[in-house]
file query34.txt (compact mmCIF, C-alpha atoms)
# COMPACT_ATOMS: atom_id res chain seq x y z
CA MET O 1451 -151.83 106.07 -319.16
CA ARG O 1452 -148.37 107.54 -319.05
CA ASN O 1453 -149.73 110.67 -317.44
CA LEU O 1454 -151.61 108.62 -314.88
CA LEU O 1455 -148.45 106.69 -313.99
CA ASN O 1456 -146.51 109.92 -313.70
CA PHE O 1457 -149.20 111.31 -311.48
CA LEU O 1458 -149.15 108.24 -309.23
CA LEU O 1459 -145.36 108.31 -309.03
CA ARG O 1460 -145.32 111.96 -308.23
CA TYR O 1461 -147.88 111.81 -305.46
CA ASN O 1462 -147.26 108.29 -304.21
CA ASN O 1463 -146.34 109.46 -300.72
CA LEU O 1464 -149.49 111.50 -300.44
CA ILE O 1465 -151.53 108.53 -301.64
CA VAL O 1466 -149.91 106.13 -299.18
CA PHE O 1467 -150.45 108.72 -296.46
CA LEU O 1468 -154.12 109.17 -297.29
CA ILE O 1469 -154.71 105.41 -297.44
CA LEU O 1470 -153.03 104.77 -294.07
CA GLU O 1471 -154.66 107.76 -292.40
CA GLY O 1472 -158.05 106.78 -293.78
CA PHE O 1473 -157.55 103.24 -292.57
CA SER O 1474 -156.68 104.38 -289.07
CA LEU O 1475 -159.70 106.68 -288.96
CA ILE O 1476 -161.94 103.79 -290.06
CA LEU O 1477 -160.41 101.70 -287.27
CA LEU O 1478 -160.90 104.58 -284.86
CA THR O 1479 -164.57 105.20 -285.62
CA GLY O 1480 -165.40 101.53 -286.08
CA LYS O 1481 -163.82 100.05 -282.98
CA ASN O 1482 -164.13 102.76 -280.34
CA GLU O 1483 -167.57 103.34 -278.82
CA TYR O 1484 -166.97 106.99 -278.06
CA HIS O 1485 -165.55 107.99 -281.43
CA ASN O 1486 -168.24 106.00 -283.19
CA SER O 1487 -171.04 107.78 -281.36
CA ARG O 1488 -169.46 111.20 -282.04
CA MET O 1489 -169.23 110.36 -285.72
CA VAL O 1490 -172.81 109.10 -285.92
CA LYS O 1491 -174.01 112.19 -284.06
CA THR O 1492 -172.27 114.55 -286.46
CA MET O 1493 -173.49 112.65 -289.50
CA THR O 1494 -177.10 112.53 -288.35
CA GLY O 1495 -176.85 116.23 -287.50
CA ILE O 1496 -175.90 116.99 -291.08
CA THR O 1497 -178.45 114.68 -292.70
CA ARG O 1498 -181.21 115.88 -290.40
CA GLY O 1499 -180.60 119.45 -291.52
CA PHE O 1500 -181.00 118.40 -295.14
CA ASP O 1501 -184.05 116.27 -294.40
CA GLU O 1502 -185.76 119.14 -292.65
CA ARG O 1503 -185.19 121.46 -295.59
CA ILE O 1504 -186.42 118.89 -298.08
CA SER O 1505 -189.56 118.13 -296.11
CA ASN O 1506 -190.24 121.85 -295.64
CA ALA O 1507 -190.07 122.37 -299.38
CA ARG O 1508 -192.25 119.34 -299.98
CA ASN O 1509 -194.86 120.60 -297.50
CA TYR O 1510 -194.99 123.90 -299.31
CA PHE O 1511 -195.78 122.22 -302.61
CA ASN O 1512 -198.46 120.06 -300.95
CA LEU O 1513 -200.32 123.09 -299.56
CA ARG O 1514 -202.66 123.33 -302.57
CA ASP O 1515 -203.75 119.71 -302.12
CA ILE O 1516 -204.26 120.09 -298.39
CA ASN O 1517 -206.23 123.27 -298.95
CA SER O 1518 -208.68 121.66 -301.33
CA LYS O 1519 -209.12 118.71 -298.98
CA LEU O 1520 -209.90 121.07 -296.11
CA ALA O 1521 -212.44 122.95 -298.20
CA LEU O 1522 -214.15 119.68 -299.06
CA GLU O 1523 -214.22 118.63 -295.41
CA ASN O 1524 -215.62 122.03 -294.40
CA ALA O 1525 -218.49 121.65 -296.85
CA LEU O 1526 -219.23 118.16 -295.57
CA LEU O 1527 -219.26 119.34 -291.94
CA ARG O 1528 -221.49 122.30 -292.75
CA ASN O 1529 -223.96 119.97 -294.40
CA SER O 1530 -224.12 117.62 -291.46
CA LEU O 1531 -224.49 120.59 -289.08
CA LYS O 1532 -227.54 121.74 -291.00
CA GLN O 1533 -229.02 118.27 -290.85
CA MET O 1534 -228.50 118.01 -287.10
CA ALA O 1535 -229.86 121.47 -286.38
CA GLY O 1536 -233.02 120.66 -288.31
CA ASP O 1537 -233.51 117.51 -286.32
CA GLY O 1538 -234.54 119.34 -283.15
CA ASP O 1539 -236.46 116.81 -281.10
CA ARG O 1540 -233.72 114.25 -280.65
CA MET O 1541 -232.99 113.56 -277.00
CA ILE O 1542 -229.38 113.36 -275.86
CA VAL O 1543 -228.75 111.49 -272.65
CA GLU O 1544 -225.38 111.74 -271.03
CA VAL O 1545 -224.35 108.90 -268.74
CA ASN O 1546 -221.56 109.53 -266.31
CA ASP O 1547 -220.44 106.36 -264.64
CA THR O 1548 -218.76 107.65 -261.51
CA THR O 1549 -218.13 104.36 -259.74
CA ASN O 1550 -216.00 102.94 -262.47
CA HIS O 1551 -214.25 105.80 -264.20
CA GLN O 1552 -213.82 108.80 -261.99
CA VAL O 1553 -210.52 108.45 -260.14
CA TYR O 1554 -209.97 111.96 -258.80
CA HIS O 1555 -212.37 114.51 -257.32
CA TYR O 1556 -211.70 118.22 -257.03
CA ILE O 1557 -212.48 120.73 -254.28
CA SER O 1558 -211.68 124.38 -254.90
CA ALA O 1559 -210.36 126.42 -252.00
CA LYS O 1560 -208.98 129.82 -251.13
CA ILE O 1561 -205.56 130.45 -249.62
CA ILE O 1562 -205.89 132.32 -246.34
CA ASN O 1563 -202.31 132.16 -245.11
CA ASN O 1564 -199.11 131.68 -247.07
CA SER O 1565 -195.37 132.30 -246.89
CA VAL O 1566 -192.49 132.00 -249.33
CA ASN O 1567 -189.56 133.38 -247.38
CA LYS O 1568 -188.85 130.56 -244.90
CA GLN O 1569 -186.95 127.35 -245.48
CA LYS O 1570 -190.03 125.32 -244.51
CA ASN O 1571 -193.09 127.04 -245.94
CA TYR O 1572 -196.69 126.00 -245.35
CA PHE O 1573 -199.98 127.54 -246.45
CA THR O 1574 -203.51 127.39 -245.04
CA ILE O 1575 -206.72 126.95 -247.02
CA ASP O 1576 -210.32 127.64 -246.05
CA LYS O 1577 -211.67 124.11 -246.48
CA GLY O 1578 -211.49 121.29 -243.95
CA THR O 1579 -212.82 117.84 -243.15
CA LEU O 1580 -216.43 119.07 -243.34
CA GLN O 1581 -215.88 120.00 -246.97
CA GLY O 1582 -214.17 116.68 -247.73
CA VAL O 1583 -210.50 117.64 -247.50
CA ARG O 1584 -208.28 114.89 -246.07
CA VAL O 1585 -204.59 114.53 -245.27
CA ASP O 1586 -202.36 113.56 -248.23
CA MET O 1587 -204.53 115.16 -250.85
CA ALA O 1588 -202.77 117.07 -253.63
CA VAL O 1589 -203.04 120.85 -253.98
CA THR O 1590 -202.74 122.42 -257.41
CA SER O 1591 -203.05 125.95 -258.68
CA GLY O 1592 -204.32 126.33 -262.23
CA ASN O 1593 -203.17 122.81 -263.16
CA SER O 1594 -199.69 123.11 -261.72
CA VAL O 1595 -198.31 121.70 -258.49
CA ALA O 1596 -198.63 123.79 -255.29
CA GLY O 1597 -198.41 121.42 -252.30
CA ILE O 1598 -199.81 118.51 -250.29
CA ILE O 1599 -202.32 118.63 -247.42
CA VAL O 1600 -200.63 117.68 -244.13
CA GLY O 1601 -203.22 118.59 -241.53
CA CYS O 1602 -206.99 119.25 -241.36
CA SER O 1603 -209.38 120.76 -238.87
CA GLU O 1604 -213.16 120.96 -239.46
CA ASN O 1605 -213.02 124.09 -241.59
CA PHE O 1606 -209.35 124.66 -242.37
CA SER O 1607 -206.44 122.68 -243.71
CA VAL O 1608 -202.68 123.20 -243.71
CA ALA O 1609 -200.64 122.15 -246.73
CA ILE O 1610 -196.91 121.73 -247.06
CA SER O 1611 -195.85 124.07 -249.85
CA LEU O 1612 -193.59 123.00 -252.72
CA LEU O 1613 -191.28 125.65 -251.26
CA ASN O 1614 -190.40 123.44 -248.31
CA LEU O 1615 -187.14 121.58 -247.85
CA ASP O 1616 -189.11 118.47 -246.85
CA PHE O 1617 -191.29 118.48 -249.96
CA ARG O 1618 -190.57 115.70 -252.46
CA VAL O 1619 -192.53 114.81 -255.55
CA SER O 1620 -191.87 112.28 -258.26
CA ALA O 1621 -191.47 114.21 -261.52
CA ARG O 1622 -190.61 113.36 -265.08
CA ILE O 1623 -189.47 115.04 -268.26
CA LYS O 1624 -192.49 115.27 -270.51
CA THR O 1625 -190.68 114.66 -273.79
CA ASN O 1626 -188.86 111.43 -272.93
CA GLY O 1627 -190.58 110.18 -269.77
CA TYR O 1628 -187.48 109.78 -267.58
CA PHE O 1629 -188.41 110.45 -263.96
CA GLY O 1630 -186.56 111.78 -260.96
CA SER O 1631 -187.30 113.41 -257.66
CA LEU O 1632 -188.11 117.11 -257.47
CA SER O 1633 -187.40 119.17 -254.39
CA TRP O 1634 -186.80 122.75 -253.37
CA ASP O 1635 -183.27 123.86 -252.52
CA GLY O 1636 -184.25 126.83 -250.38
CA HIS O 1637 -182.89 129.56 -252.64
CA SER O 1638 -185.43 131.24 -254.90
CA TYR O 1639 -189.21 130.91 -254.68
CA ARG O 1640 -189.33 130.70 -258.51
CA THR O 1641 -187.13 127.62 -258.98
CA ALA O 1642 -186.79 124.04 -257.73
CA VAL O 1643 -184.31 121.26 -258.44
CA LEU O 1644 -184.87 117.96 -260.27
CA ASN O 1645 -182.49 115.17 -259.22
CA ASP O 1646 -181.72 111.59 -260.29
CA ILE O 1647 -181.84 112.12 -264.06
CA PRO O 1648 -178.85 110.16 -265.43
CA GLN O 1649 -176.45 111.90 -267.76
CA HIS O 1650 -176.96 109.77 -270.86
CA ILE O 1651 -180.38 111.33 -271.35
CA SER O 1652 -180.64 114.47 -273.42
CA VAL O 1653 -182.26 117.28 -271.46
CA SER O 1654 -182.57 120.73 -272.94
CA VAL O 1655 -183.57 124.09 -271.55
CA GLY O 1656 -187.31 124.61 -271.95
CA ASP O 1657 -188.36 120.97 -271.48
CA THR O 1658 -191.56 120.62 -269.46
CA ILE O 1659 -191.44 118.82 -266.11
CA GLU O 1660 -194.66 117.18 -264.93
CA THR O 1661 -195.83 114.79 -262.21
CA THR O 1662 -195.87 111.03 -262.60
CA SER O 1663 -198.53 108.66 -261.36
CA TYR O 1664 -196.09 106.94 -258.99
CA SER O 1665 -196.95 108.88 -255.85
CA ALA O 1666 -200.68 108.10 -255.47
CA ILE O 1667 -201.12 111.75 -254.47
CA PHE O 1668 -200.83 113.78 -257.65
CA PRO O 1669 -202.62 112.72 -260.81
CA GLU O 1670 -200.37 112.03 -263.77
CA GLY O 1671 -199.35 114.92 -265.99
CA ILE O 1672 -199.82 117.90 -263.66
CA GLY O 1673 -197.33 120.56 -264.77
CA ILE O 1674 -194.53 121.64 -262.44
CA GLY O 1675 -192.30 123.89 -264.50
CA THR O 1676 -189.80 124.15 -267.31
CA VAL O 1677 -186.08 123.41 -267.32
CA THR O 1678 -184.06 126.60 -267.02
CA ASP O 1679 -180.58 125.22 -266.45
CA VAL O 1680 -178.91 121.83 -266.95
CA LYS O 1681 -175.44 120.96 -265.77
CA PRO O 1682 -173.74 117.68 -264.95
CA SER O 1683 -173.19 117.29 -261.22
CA GLY O 1684 -170.24 115.39 -259.77
CA SER O 1685 -171.85 111.97 -259.98
CA ASP O 1686 -173.52 110.42 -263.01
CA PHE O 1687 -176.59 112.58 -262.67
CA TYR O 1688 -177.66 115.96 -263.94
CA PHE O 1689 -178.33 118.95 -261.76
CA ILE O 1690 -181.49 120.35 -263.35
CA ARG O 1691 -182.98 123.67 -262.27
CA VAL O 1692 -186.70 123.96 -262.90
CA GLY O 1693 -188.50 127.28 -263.24
CA LEU O 1694 -191.88 126.75 -261.51
CA PHE O 1695 -195.22 127.43 -263.22
CA THR O 1696 -196.83 128.38 -259.93
CA ASP O 1697 -196.02 131.83 -258.61
CA PHE O 1698 -196.27 131.23 -254.86
CA LYS O 1699 -196.17 134.93 -254.10
CA LYS O 1700 -199.58 135.52 -255.65
CA LEU O 1701 -201.18 132.17 -254.90
CA ALA O 1702 -204.91 132.82 -254.20
CA TYR O 1703 -207.20 130.03 -255.35
CA VAL O 1704 -206.21 126.38 -255.43
CA ASP O 1705 -207.79 123.03 -256.23
CA VAL O 1706 -207.54 120.18 -253.74
CA ILE O 1707 -207.41 116.83 -255.53
CA GLY O 1708 -208.31 113.61 -253.81
CA SER O 1709 -207.83 110.17 -255.31
CA LEU O 1710 -210.93 107.99 -254.90
CA LYS O 1711 -208.89 104.82 -255.34
CA ARG O 1712 -205.96 105.77 -253.17
CA THR O 1713 -206.85 103.50 -250.28
CA GLU O 1714 -207.31 100.55 -252.56
CA ARG O 1715 -203.99 101.19 -254.33
CA LEU O 1716 -201.97 101.72 -251.14
CA GLY O 1717 -203.57 98.69 -249.53
CA LEU O 1718 -202.45 96.52 -252.41
CA GLU O 1719 -198.99 98.07 -252.64
CA ASN O 1720 -198.33 97.72 -248.91
CA LYS O 1721 -199.00 94.00 -249.08
CA PHE O 1722 -195.83 93.55 -251.07
CA GLN O 1723 -193.44 95.69 -249.08
CA MET W 921 -127.06 97.21 -293.31
CA ILE W 922 -128.37 94.12 -291.53
CA ASN W 923 -126.58 95.29 -288.43
CA SER W 924 -128.23 98.71 -288.50
CA VAL W 925 -131.68 97.20 -289.09
CA PHE W 926 -131.15 94.92 -286.12
CA ARG W 927 -129.92 97.79 -283.97
CA PHE W 928 -132.89 99.90 -284.96
CA GLY W 929 -135.31 97.06 -284.25
CA LEU W 930 -133.83 96.75 -280.78
CA ILE W 931 -134.26 100.47 -280.11
CA ALA W 932 -137.85 100.32 -281.36
CA ALA W 933 -138.67 97.33 -279.15
CA VAL W 934 -137.17 98.99 -276.08
CA LEU W 935 -139.05 102.22 -276.75
CA ILE W 936 -142.38 100.45 -277.27
CA LEU W 937 -141.91 98.38 -274.12
CA PHE W 938 -140.95 101.49 -272.16
CA GLN W 939 -144.05 103.25 -273.44
CA LEU W 940 -146.44 100.39 -272.74
CA LEU W 941 -145.08 99.17 -269.44
CA VAL W 942 -144.03 102.42 -267.80
CA LEU W 943 -145.36 105.60 -269.37
CA ASN W 944 -148.89 104.36 -270.12
CA ASN W 945 -149.31 103.55 -266.44
CA ILE W 946 -148.42 107.00 -265.20
CA GLN W 947 -151.51 108.96 -264.24
CA PHE W 948 -150.38 112.51 -263.74
CA SER W 949 -153.44 114.79 -263.45
CA GLY W 950 -154.72 113.80 -266.89
CA PHE W 951 -152.81 116.60 -268.53
CA VAL W 952 -149.43 114.95 -268.89
CA ASN W 953 -149.19 111.83 -271.02
CA PRO W 954 -145.70 111.54 -272.52
CA TYR W 955 -145.51 109.42 -275.68
CA VAL W 956 -141.84 108.62 -276.07
CA TYR W 957 -142.35 105.90 -278.71
CA ILE W 958 -142.45 108.75 -281.26
CA MET W 959 -138.64 108.53 -281.09
CA ILE W 960 -138.86 105.54 -283.44
CA ILE W 961 -140.02 107.89 -286.18
CA LEU W 962 -137.45 110.51 -285.19
CA LEU W 963 -134.50 108.13 -285.35
CA LEU W 964 -135.22 106.29 -288.63
CA PRO W 965 -132.24 106.79 -290.98
CA SER W 966 -132.47 109.71 -293.40
CA LEU W 967 -132.27 107.32 -296.36
CA THR W 968 -135.60 105.63 -295.50
CA PRO W 969 -137.99 106.08 -298.45
CA ALA W 970 -141.16 108.01 -297.64
CA TRP W 971 -143.53 105.11 -298.21
CA ALA W 972 -141.51 102.85 -295.88
CA LEU W 973 -141.49 105.62 -293.32
CA LEU W 974 -145.29 105.87 -293.52
CA LEU W 975 -145.71 102.11 -293.20
CA ILE W 976 -143.34 101.87 -290.24
CA SER W 977 -145.14 104.80 -288.59
CA PHE W 978 -148.49 103.16 -289.14
CA PHE W 979 -147.46 99.83 -287.67
CA THR W 980 -145.75 101.48 -284.71
CA GLY W 981 -148.95 103.34 -283.92
CA LEU W 982 -151.00 100.21 -284.46
CA VAL W 983 -148.90 98.20 -281.99
CA ILE W 984 -149.29 100.90 -279.35
CA ASP W 985 -153.01 101.03 -280.11
CA LEU W 986 -153.49 97.30 -279.79
CA PHE W 987 -151.90 97.26 -276.38
CA SER W 988 -153.66 100.34 -275.06
CA GLY W 989 -157.10 99.38 -276.43
CA SER W 990 -157.71 102.32 -278.73
CA PRO W 991 -157.51 101.05 -282.32
CA GLY W 992 -156.66 103.77 -284.83
CA MET W 993 -155.90 106.58 -282.39
CA HIS W 994 -152.12 106.38 -282.18
CA ALA W 995 -151.92 105.04 -285.74
CA SER W 996 -153.48 108.17 -287.21
CA ALA W 997 -151.15 110.38 -285.17
CA THR W 998 -147.97 108.47 -286.07
CA VAL W 999 -148.90 108.36 -289.77
CA MET W 1000 -149.35 112.13 -289.63
CA ALA W 1001 -145.95 112.52 -288.00
CA GLY W 1002 -144.33 110.16 -290.51
CA PHE W 1003 -145.88 112.09 -293.37
CA ALA W 1004 -144.59 115.38 -292.00
CA ARG W 1005 -141.04 114.14 -291.33
CA PRO W 1006 -139.53 114.59 -294.85
CA TYR W 1007 -140.91 118.13 -295.07
CA VAL W 1008 -139.61 118.98 -291.60
CA LEU W 1009 -136.19 117.56 -292.49
CA ARG W 1010 -136.11 119.67 -295.66
CA LEU W 1011 -137.17 122.74 -293.71
CA ILE W 1012 -134.44 122.56 -291.06
CA ALA W 1013 -131.67 121.01 -293.19
CA PRO W 1014 -128.15 122.00 -292.03
CA ARG W 1015 -126.08 124.15 -294.41
CA ASP W 1016 -124.26 121.28 -296.09
CA GLY W 1017 -127.23 118.88 -296.17
CA TYR W 1018 -127.54 115.46 -294.56
CA GLU W 1019 -124.72 112.97 -294.88
CA SER W 1020 -126.13 109.94 -296.63
CA GLY W 1021 -126.32 106.93 -294.38
CA SER W 1022 -125.92 108.84 -291.13
CA ASP W 1023 -128.27 108.56 -288.18
CA LEU W 1024 -130.56 111.48 -287.51
CA SER W 1025 -129.32 111.77 -283.95
CA MET W 1026 -128.03 114.40 -281.58
CA PRO W 1027 -124.35 113.34 -281.77
CA ALA W 1028 -124.43 113.63 -285.56
CA TYR W 1029 -126.03 117.06 -285.99
CA GLY W 1030 -125.82 118.78 -282.63
CA LEU W 1031 -128.22 119.59 -279.82
CA ARG W 1032 -129.80 122.64 -281.41
CA TRP W 1033 -130.70 120.90 -284.63
CA PHE W 1034 -132.03 117.83 -282.83
CA PHE W 1035 -134.04 119.96 -280.42
CA THR W 1036 -135.83 121.81 -283.27
CA TYR W 1037 -136.42 118.60 -285.18
CA ALA W 1038 -137.80 116.70 -282.20
CA THR W 1039 -139.98 119.61 -281.08
CA ILE W 1040 -141.71 120.01 -284.45
CA ILE W 1041 -142.38 116.30 -284.94
CA ILE W 1042 -143.54 115.81 -281.34
CA VAL W 1043 -145.93 118.76 -281.50
CA ILE W 1044 -147.39 117.51 -284.80
CA HIS W 1045 -147.82 114.03 -283.36
CA HIS W 1046 -149.35 115.19 -280.07
CA THR W 1047 -151.69 117.66 -281.74
CA THR W 1048 -153.12 114.96 -283.98
CA LEU W 1049 -153.24 112.43 -281.15
CA PHE W 1050 -155.04 114.57 -278.58
CA PHE W 1051 -157.52 116.02 -281.03
CA VAL W 1052 -158.31 112.55 -282.37
CA GLU W 1053 -158.67 111.39 -278.78
CA VAL W 1054 -161.25 114.00 -277.75
CA PHE W 1055 -162.70 114.07 -281.28
CA ARG W 1056 -164.37 117.46 -280.95
CA PHE W 1057 -163.43 121.10 -280.77
CA THR W 1058 -165.27 122.06 -277.61
CA ASP W 1059 -162.83 122.55 -274.73
CA PHE W 1060 -160.34 123.65 -277.39
CA PHE W 1061 -157.90 125.38 -275.02
CA ARG W 1062 -157.99 122.52 -272.55
CA THR W 1063 -156.83 120.21 -275.33
CA ILE W 1064 -154.15 122.70 -276.35
CA LEU W 1065 -152.90 122.76 -272.76
CA ARG W 1066 -152.74 118.96 -272.70
CA ILE W 1067 -150.82 118.99 -275.98
CA LEU W 1068 -148.30 121.53 -274.73
CA LEU W 1069 -147.69 119.91 -271.34
CA SER W 1070 -147.38 116.42 -272.79
CA SER W 1071 -145.09 117.66 -275.57
CA VAL W 1072 -142.77 119.24 -273.02
CA PHE W 1073 -142.55 115.98 -271.06
CA THR W 1074 -142.10 113.84 -274.17
CA LEU W 1075 -139.35 116.17 -275.37
CA GLY W 1076 -137.65 115.92 -271.99
CA PHE W 1077 -137.68 112.12 -272.15
CA VAL W 1078 -136.45 112.11 -275.76
CA LEU W 1079 -133.52 114.43 -274.95
CA LEU W 1080 -132.63 112.34 -271.89
CA ILE W 1081 -132.56 109.18 -273.97
CA GLU W 1082 -130.43 110.90 -276.62
CA TYR W 1083 -127.92 112.05 -273.98
CA TYR W 1084 -127.77 108.53 -272.64
CA ARG W 1085 -127.13 107.12 -276.11
CA LYS W 1086 -124.47 109.74 -276.75
CA GLY W 1087 -122.67 109.03 -273.51
CA ARG W 1088 -122.52 105.31 -274.10
call {"tool": "encode", "arguments": {"input": "query34.txt", "output": "structure tokens"}}
result
Amino acid sequence: MRNLLNFLLRYNNLIVFLILEGFSLILLTGKNEYHNSRMVKTMTGITRGFDERISNARNYFNLRDINSKLALENALLRNSLKQMAGDGDRMIVEVNDTTNHQVYHYISAKIINNSVNKQKNYFTIDKGTLQGVRVDMAVTSGNSVAGIIVGCSENFSVAISLLNLDFRVSARIKTNGYFGSLSWDGHSYRTAVLNDIPQHISVSVGDTIETTSYSAIFPEGIGIGTVTDVKPSGSDFYFIRVGLFTDFKKLAYVDVIGSLKRTERLGLENKFQ
Amino acid sequence: MINSVFRFGLIAAVLILFQLLVLNNIQFSGFVNPYVYIMIILLLPSLTPAWALLLISFFTGLVIDLFSGSPGMHASATVMAGFARPYVLRLIAPRDGYESGSDLSMPAYGLRWFFTYATIIIVIHHTTLFFVEVFRFTDFFRTILRILLSSVFTLGFVLLIEYYRKGR
């Protein structure tokens, strides 16, 4: 007891200091939005690191269980495969209800003229109205965005390339769904720029950018590229540079995608504008 | 005794009002924010016990905080400065020690002593304050620059006020 009192007397200034400093830090982190969020961020960063390690270790110990379950499932599947193979004369009928479910139809085409070095690039494909291509259809190359049809003759069509200063497409970040407008800034044929993503959203390099269903031209979820550079621009928005999936310099075969319900959708939407 | 407490209270009130009404409203490129109220901690008599010093520091900071809408920020910085003051005083003590009961002011111990004393306390206070304000270590050198520039301006104000007090 005596020692404790001596200790308290000796370090009383330090103790008062620590109490007051602690109190002001509690005030600071409790009452100020910014400091609070920084604190929470740091704390969750630390705990997440621990959680990850613990769950990794736990997974490792569960492997034996998972393995035996998989073996069991394999045996079951093998058995049912045998049964089905033996049952040879069963008829399988596939019904494809096109009127109700198919929304997009695809026409494959070949690029016969293309450019990447102008500020307003267009390319020409070898399909036209006779083959079913119409204005405002989407053009993709290997499931990533290439352009939009802007003019058709009987056997040829011209599409505005993504590498055109007038090209705009509604695009979103795949991981969190926030959407903005993607356009080309006229610099490199490998990159485009995503605008209108506000700065409170976390965007990291490598995030996938894909199309949204807002435009009635592109189907939802067509890939555009990956984020290569994020920096805050002067306003409240990010300046996001997107490395494109499509290499326009070796574009050869493309798919033209038409929406079967486009007219219906636009007709309805125009009523309310 | 009562007289000196009253006098000190008056100085403190004037400094806090000066800080809140004038200096807090100066927007000078975001790098220069002088905090002259730190003089309250500088000028407390040398006889003040350490715990009282800490409490006075804390409440000074809290008052500034309440009026500038940042609870805890100035308080943590002033408590740090108040905690450091006895050690600083011991470190730069004049050859024949401090006269008991004297003010820790420029007329009493000379410009050079006061300059050293004020500089150390101000830098300690500003370092804590600006780092608590940004609350992270990215942009480290930017914060350091803010600390240095603001310290220079605070020091200038403090010396000016001391000269004025001396002349009167």
call {"tool": "closest_atom_pairs", "arguments": {"input": "query34.txt", "of": "chain O", "to": "chain W", "cutoff": "7 Å", "atoms": "only C-alpha atoms", "output": "tab-separated table"}}
result
residue	atom	partner	partner_atom	distance
O:Asn1463	CA	W:Trp971	CA	5.8
O:Val1466	CA	W:Trp971	CA	6.5
O:Phe1467	CA	W:Phe1003	CA	6.5
O:Leu1470	CA	W:Phe978	CA	6.9
O:Glu1471	CA	W:Ser996	CA	5.3
O:Ser1474	CA	W:Gly992	CA	4.3
O:Leu1475	CA	W:Gly992	CA	5.9
O:Leu1477	CA	W:Gly992	CA	4.9
O:Leu1478	CA	W:Gly992	CA	4.3
O:Lys1481	CA	W:Pro991	CA	6.4
O:Asn1482	CA	W:Ser990	CA	6.6
O:His1485	CA	W:Phe1055	CA	6.7
call {"tool": "closest_residue", "arguments": {"input": "query34.txt", "among": "O:Val1583, O:Val1490, O:Ile1562, O:Leu1613", "to": "O:Gly1636", "atoms": "all atoms listed in the file"}}
result
O:Leu1613
call {"tool": "atom_distance", "arguments": {"input": "query34.txt", "atom1": "atom CA of O:Gly1673", "atom2": "atom CA of O:Lys1560"}}
result
20.2 Å
call {"tool": "residues_around", "arguments": {"input": "query34.txt", "residues": "stretch 946-962 of chain W", "least_positions_apart": "6", "cutoff": "6 Å", "atoms": "only C-alpha atoms", "output": "PyMOL selection string"}}
result
chain W and resi 932+935-936+1066+1069-1070+1073-1074
call {"tool": "atom_distance", "arguments": {"input": "query34.txt", "atom1": "atom CA of O:Asp1657", "atom2": "atom CA of O:Phe1698"}}
result
21.1 Å
call {"tool": "atom_distance", "arguments": {"input": "query34.txt", "atom1": "atom CA of W:His1046", "atom2": "atom CA of W:Ile1067"}}
result
5.8 Å
call {"tool": "residues_near_point", "arguments": {"input": "query34.txt", "point": "(-210.4, 123.2, -253.6)", "cutoff": "7 Å", "atoms": "all atoms listed in the file", "output": "PyMOL selection string"}}
result
chain O and resi 1556-1559+1704-1706
call {"tool": "residues_near_point", "arguments": {"input": "query34.txt", "point": "(-205.7, 129.6, -243.1)", "cutoff": "6 Å", "atoms": "all atoms listed in the file", "output": "PyMOL selection string"}}
result
chain O and resi 1562-1563+1574-1576
call {"tool": "axis_aligned_box", "arguments": {"input": "query34.txt", "around": "stretch 1710-1715 of chain O", "padding_each_side": "6 Å", "output": "AutoDock Vina command-line options"}}
result
--center_x -207.5 --center_y 104.3 --center_z -252.8 --size_x 18.9 --size_y 19.4 --size_z 17.1
call {"tool": "residues_around", "arguments": {"input": "query34.txt", "residues": "stretch 1711-1720 of chain O", "least_positions_apart": "6", "cutoff": "10 Å", "atoms": "all atoms listed in the file", "output": "JSON, numbers by chain"}}
result
{"O": [1552, 1553, 1554, 1586, 1587, 1665, 1666, 1667]}
call {"tool": "closest_residue", "arguments": {"input": "query34.txt", "among": "W:Ala1028, W:Ile922, W:Asn944, W:Phe938", "to": "W:Ser966", "atoms": "all atoms listed in the file"}}
result
W:Ala1028
